[in-house]
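What follows is a set of notes on a single structure, which appears directly below.
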Amino acid sequence: MIIKIDGKECTAQKGEYLLSIARRNGIEIPTLCHSDALPGIGSCRLCIVEVVEKGRSRVVTSCIFPVMGEIEVLTNSKKIRNMRKTLLMLYLARVPENEKIKKLAEEYGAVVPERFSADKSEDCILCGLCVKACESLGSSAISTVNRGVTKKVSTPYDEPSKECIGCGSCAYVCPTNAMKIKEKDGIRTIWNKDFKLIKCEKCGEYFATKEQIEYINKKKGFNLEDEMLCDKCKKKKAGERLKEVFEDYRE
Amino acid sequence: MIEIKDIIEKYPREKRYTLAMLQDVQKQFNYIPRQALMMISEYVDTPLSSLYSMATFYKALSLKPKGKYIIKVCDGTACHIRSSMVLIDEIYNILKIRIGETTEDGMFSLETVNCLGSCAIAPVMVVNDKYYGKVTPAMVREIIKEYGGEKNE
C-alpha cells in the first residue's frame, strides 16, 4: 500500500506504525520518548502529525499510529508546528536548563512565560522510557512514583533497590540525560546504590557491573565468568574467528 | 486480629486483584505497611516497584499510618467561598496538624476533598463517615471533642 507523507510516496505494510514508515523514508519527525527497541510509550507527543483521510484532517501520535489505509500525512504543517511549540514550551517550563529541550524549543520558537517557575536542576520530563527499559530487561527496579506535580521516577521508598543490577539502561535510553550515574575508581553509583565494575580481560576497561554478570548468568544459564570481555573486544574476537574460518575454507 | 496474610489470601493469585488487596489492607490498618506491599508483590508475582507506584498514585492508599479518625474538610468551590480554610486553620490550632498530616497519638488525620456534593450545607466537614454541615470554627472544637480530641486543654 502507498501512503503520501509530506508529498512523498512511501510504501507501507498494513498495521505498520507511521513513525517508522516516515523514518525509513528519510522524513524526520522529532521524538523524545521513542526508542526503536522499546516502542509503544507514546507519552511525549512530540511526534504528532496530521493525517488526512477522506478529505478530513486529524492529529495523531505517529509512533503509535498503525497505518490501516491509504492516507496522506503532513508532518510539519503550521498546525503541527504550533502544537509542538506548545508542548516544548511546557517541557522547557519543567526542565529549563536541559540542553536537548532547550535546543528543540529554540527550533520551534517556544518561549516560557514568566509566570512559570521550575526547579533549575530538573532534567526529567517523565516520559517513562527508563521505566520501560528497566521492566523490559526484567529488573523492574524503578517506576513512576506519586502523581501530579510530585510525580517522579524512583525506586520503592527511595531506597537502594534489591532488584537493580546497575546496568545503566535507564540512563542509556533517557532522551534528556536526566539520570544521575556516577563512575569513580571502579564503582558505579546509580539510584543510591554502589556497584563494583568489572574490567575487560583484554583491553582493561570497565564494562559491566558484577550484578549484571550474575544476572545474565542466572537468567540465561551462561557462565560469563569464563570470558570477561567488553563488547568491543568480543566483536573483535568474533571477527577474528570468522576470518580464521573463512581462510580455512579458502585453503 | 486480622493479619495481612489473611487479607491477601482471600483473593486468587492474580495480578488483577492487586488494587482490591491494597484497598482491603488500607481499610484494615489505615495504611499500607511495607510488609504488606512486599507480601502482595510475592503473592501475585508483580515487581515491588509497580506496587509502590500504585500505592503512591491513588489518594485512597497511604504508605504512612493514618489516624483512627480521618477528618475531611471540603475545599470545593462552595465550601472554599464559605471559608473552609478557616476550619483548616482551626483544626491546626486544636490538633496541630496540617493537610495530609496525622496527630502524634495516631487519633486524627486531616485531609481536604474537592467536593462532597453537599454544597447546600457548605462548609462541610466529614469525620470518618459522619457529615457535619454549616460548620463554624466553634463547632470544629466541639466535633473534635466528641471524638476524644483536645483532652489536655
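Just remember, in the C-alpha cells the first chain shown is A, the second B, etc., residues are 1-based per chain, and ligands are 1-based in the order shown.
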Exercise for review: Find the spatial neighbours of segment 234-241 of chain A, counting only C-alpha atoms, within a cut-off of 12 Å - ignore same-chain residues fewer than 4 positions away - and output them as a PyMOL selection string.
Suggested key: chain A and resi 200-203+207+224+227-230+245-248
Save out the residues we just selected, C-alpha atoms, as a PDB file, in the first residue's frame.
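Okay, this is what ended up in again_38.pdb:
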ATOM      1  CA  CYS A 200      37.532  -6.394  30.358  1.00  0.00           C
ATOM      2  CA  GLU A 201      40.188  -9.122  30.332  1.00  0.00           C
ATOM      3  CA  LYS A 202      41.676  -7.849  27.138  1.00  0.00           C
ATOM      4  CA  CYS A 203      41.570  -4.070  26.998  1.00  0.00           C
ATOM      5  CA  PHE A 207      32.425  -2.684  31.019  1.00  0.00           C
ATOM      6  CA  LEU A 224      30.158 -15.465  31.542  1.00  0.00           C
ATOM      7  CA  GLU A 227      35.116 -14.857  29.223  1.00  0.00           C
ATOM      8  CA  MET A 228      35.039 -11.384  30.701  1.00  0.00           C
ATOM      9  CA  LEU A 229      35.218  -9.278  27.584  1.00  0.00           C
ATOM     10  CA  CYS A 230      33.690  -5.927  26.757  1.00  0.00           C
ATOM     11  CA  VAL A 245      37.071 -19.964   9.395  1.00  0.00           C
ATOM     12  CA  PHE A 246      36.988 -18.118   6.115  1.00  0.00           C
ATOM     13  CA  GLU A 247      40.684 -18.616   5.477  1.00  0.00           C
ATOM     14  CA  ASP A 248      40.445 -22.304   6.322  1.00  0.00           C
TER      15      ASP A 248
END
Practice item. Report the residues of segment 5-242 of chain A whose backbone DSSP state falls under helix (DSSP H, G or I), written as a PyMOL selection string. Key: chain A and resi 18-24+62-64+78-94+99-108+129-136+148-150+156-158+169-173+210-220+224-226+231-242
**Study point:** chain B residues near chain A (9 Å cut-off, only C-alpha atoms) as a PyMOL selection string
**Key:** chain B and resi 47-58
Requested write-out: N, CA and C atoms of the selected residues, as a CSV table (one decimal), in the first residue's frame:
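Once written, result_29.csv looks like this:
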chain,number,residue,atom,x,y,z
B,47,PRO,N,6.4,-6.9,40.3
B,47,PRO,CA,7.5,-6.2,40.9
B,47,PRO,C,7.1,-5.2,42.0
B,48,LEU,N,7.9,-5.1,43.1
B,48,LEU,CA,7.6,-4.2,44.2
B,48,LEU,C,7.4,-2.8,43.6
B,49,SER,N,8.3,-2.5,42.6
B,49,SER,CA,8.2,-1.1,42.1
B,49,SER,C,6.9,-0.7,41.5
B,50,SER,N,6.2,-1.7,40.9
B,50,SER,CA,4.9,-1.3,40.3
B,50,SER,C,3.8,-1.2,41.4
B,51,LEU,N,4.0,-2.0,42.4
B,51,LEU,CA,3.0,-1.9,43.5
B,51,LEU,C,3.2,-0.5,44.3
B,52,TYR,N,4.5,-0.2,44.4
B,52,TYR,CA,4.8,1.1,45.1
B,52,TYR,C,4.3,2.3,44.2
B,53,SER,N,4.4,2.1,42.9
B,53,SER,CA,3.8,3.1,42.0
B,53,SER,C,2.3,3.3,42.2
B,54,MET,N,1.7,2.1,42.3
B,54,MET,CA,0.2,2.1,42.5
B,54,MET,C,-0.2,2.8,43.9
B,55,ALA,N,0.5,2.3,44.9
B,55,ALA,CA,0.2,2.8,46.3
B,55,ALA,C,0.4,4.3,46.4
B,56,THR,N,1.4,4.8,45.7
B,56,THR,CA,1.6,6.3,45.8
B,56,THR,C,0.7,7.1,44.8
B,57,PHE,N,0.2,6.4,43.8
B,57,PHE,CA,-0.7,7.0,42.8
B,57,PHE,C,-2.1,7.3,43.4
B,58,TYR,N,-2.7,6.3,44.0
B,58,TYR,CA,-4.1,6.5,44.5
B,58,TYR,C,-4.1,7.3,45.8
Review point. Using only C-alpha atoms, which of the listed residues (A:Val51, A:Ile2, A:Cys167, A:Leu137) sits closest to Trp191 of chain A?
Key: A:Cys167
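Considering only C-alpha atoms, the residue among A:Lys102, A:Lys199, A:Arg58, A:Arg45 positioned nearest to Met83 of chain A is A:Arg45.
For Gln28 of chain B, the list of residues within 10 Å, based on only C-alpha atoms and with local chain neighbours fewer than 2 positions off taken out, reads Met1, Ile2, Glu3, Ile4, Ile7, Leu22, Gln23, Asp24, Val25, Gln26, Asn30, Tyr31 and Ile32 of chain B.
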Go through segment 51-158 of chain A and collect every residue that DSSP, computed from the backbone, puts in strand (DSSP E); the answer should be as a short mmCIF file (atom, residue, chain, number, x, y, z; two decimals) with N, CA and C atoms, in the first residue's frame.
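Wrote it out as part-v8.cif, contents follow:
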data_model
loop_
_atom_site.label_atom_id
_atom_site.label_comp_id
_atom_site.auth_asym_id
_atom_site.auth_seq_id
_atom_site.Cartn_x
_atom_site.Cartn_y
_atom_site.Cartn_z
N VAL A 51 -3.04 13.66 9.84
CA VAL A 51 -3.42 12.62 8.89
C VAL A 51 -4.66 13.09 8.15
N VAL A 52 -4.57 13.09 6.81
CA VAL A 52 -5.72 13.49 6.00
C VAL A 52 -6.30 12.24 5.36
N GLU A 53 -7.56 12.02 5.68
CA GLU A 53 -8.23 10.82 5.18
C GLU A 53 -9.64 11.21 4.78
N ARG A 56 -10.74 14.68 5.41
CA ARG A 56 -10.74 15.21 6.77
C ARG A 56 -9.36 15.08 7.39
N SER A 57 -9.01 16.09 8.17
CA SER A 57 -7.69 16.05 8.79
C SER A 57 -7.83 15.85 10.29
N ARG A 58 -6.94 15.03 10.84
CA ARG A 58 -6.91 14.88 12.30
C ARG A 58 -5.47 14.70 12.76
N VAL A 59 -5.27 14.98 14.03
CA VAL A 59 -3.92 14.89 14.59
C VAL A 59 -3.76 13.53 15.27
N VAL A 60 -2.69 12.82 14.91
CA VAL A 60 -2.43 11.52 15.54
C VAL A 60 -0.99 11.47 16.07
N THR A 61 -0.76 10.53 16.99
CA THR A 61 0.58 10.32 17.53
C THR A 61 1.26 9.29 16.65
N GLU A 72 -2.92 10.46 3.63
CA GLU A 72 -1.95 11.49 3.34
C GLU A 72 -1.50 12.05 4.68
N VAL A 73 -0.21 12.25 4.83
CA VAL A 73 0.30 12.69 6.13
C VAL A 73 1.07 14.00 5.99
N LEU A 74 0.84 14.90 6.92
CA LEU A 74 1.61 16.14 6.97
C LEU A 74 2.38 16.15 8.29
N SER A 143 10.12 2.82 39.00
CA SER A 143 8.76 3.06 38.49
C SER A 143 8.44 4.53 38.72
N THR A 144 7.31 4.96 38.16
CA THR A 144 6.90 6.32 38.47
C THR A 144 6.23 6.31 39.83
N VAL A 145 6.52 7.33 40.62
CA VAL A 145 6.04 7.40 41.98
C VAL A 145 5.23 8.69 42.14
N LYS A 152 7.46 11.48 40.01
CA LYS A 152 8.88 11.34 39.70
C LYS A 152 9.19 9.88 39.41
N VAL A 153 10.39 9.63 38.95
CA VAL A 153 10.83 8.26 38.74
C VAL A 153 11.73 7.90 39.91
N SER A 154 11.46 6.78 40.53
CA SER A 154 12.30 6.39 41.67
C SER A 154 12.18 4.90 41.96
#
Point to revise | All residues 9 Å or closer to segment 86-93 of chain A, only C-alpha atoms, same chain fewer than 2 positions away omitted, as number ranges by chain | key: A: 44-46, 81-84, 95-98, 101-102, 104-105, 108-113, 116-118, 125
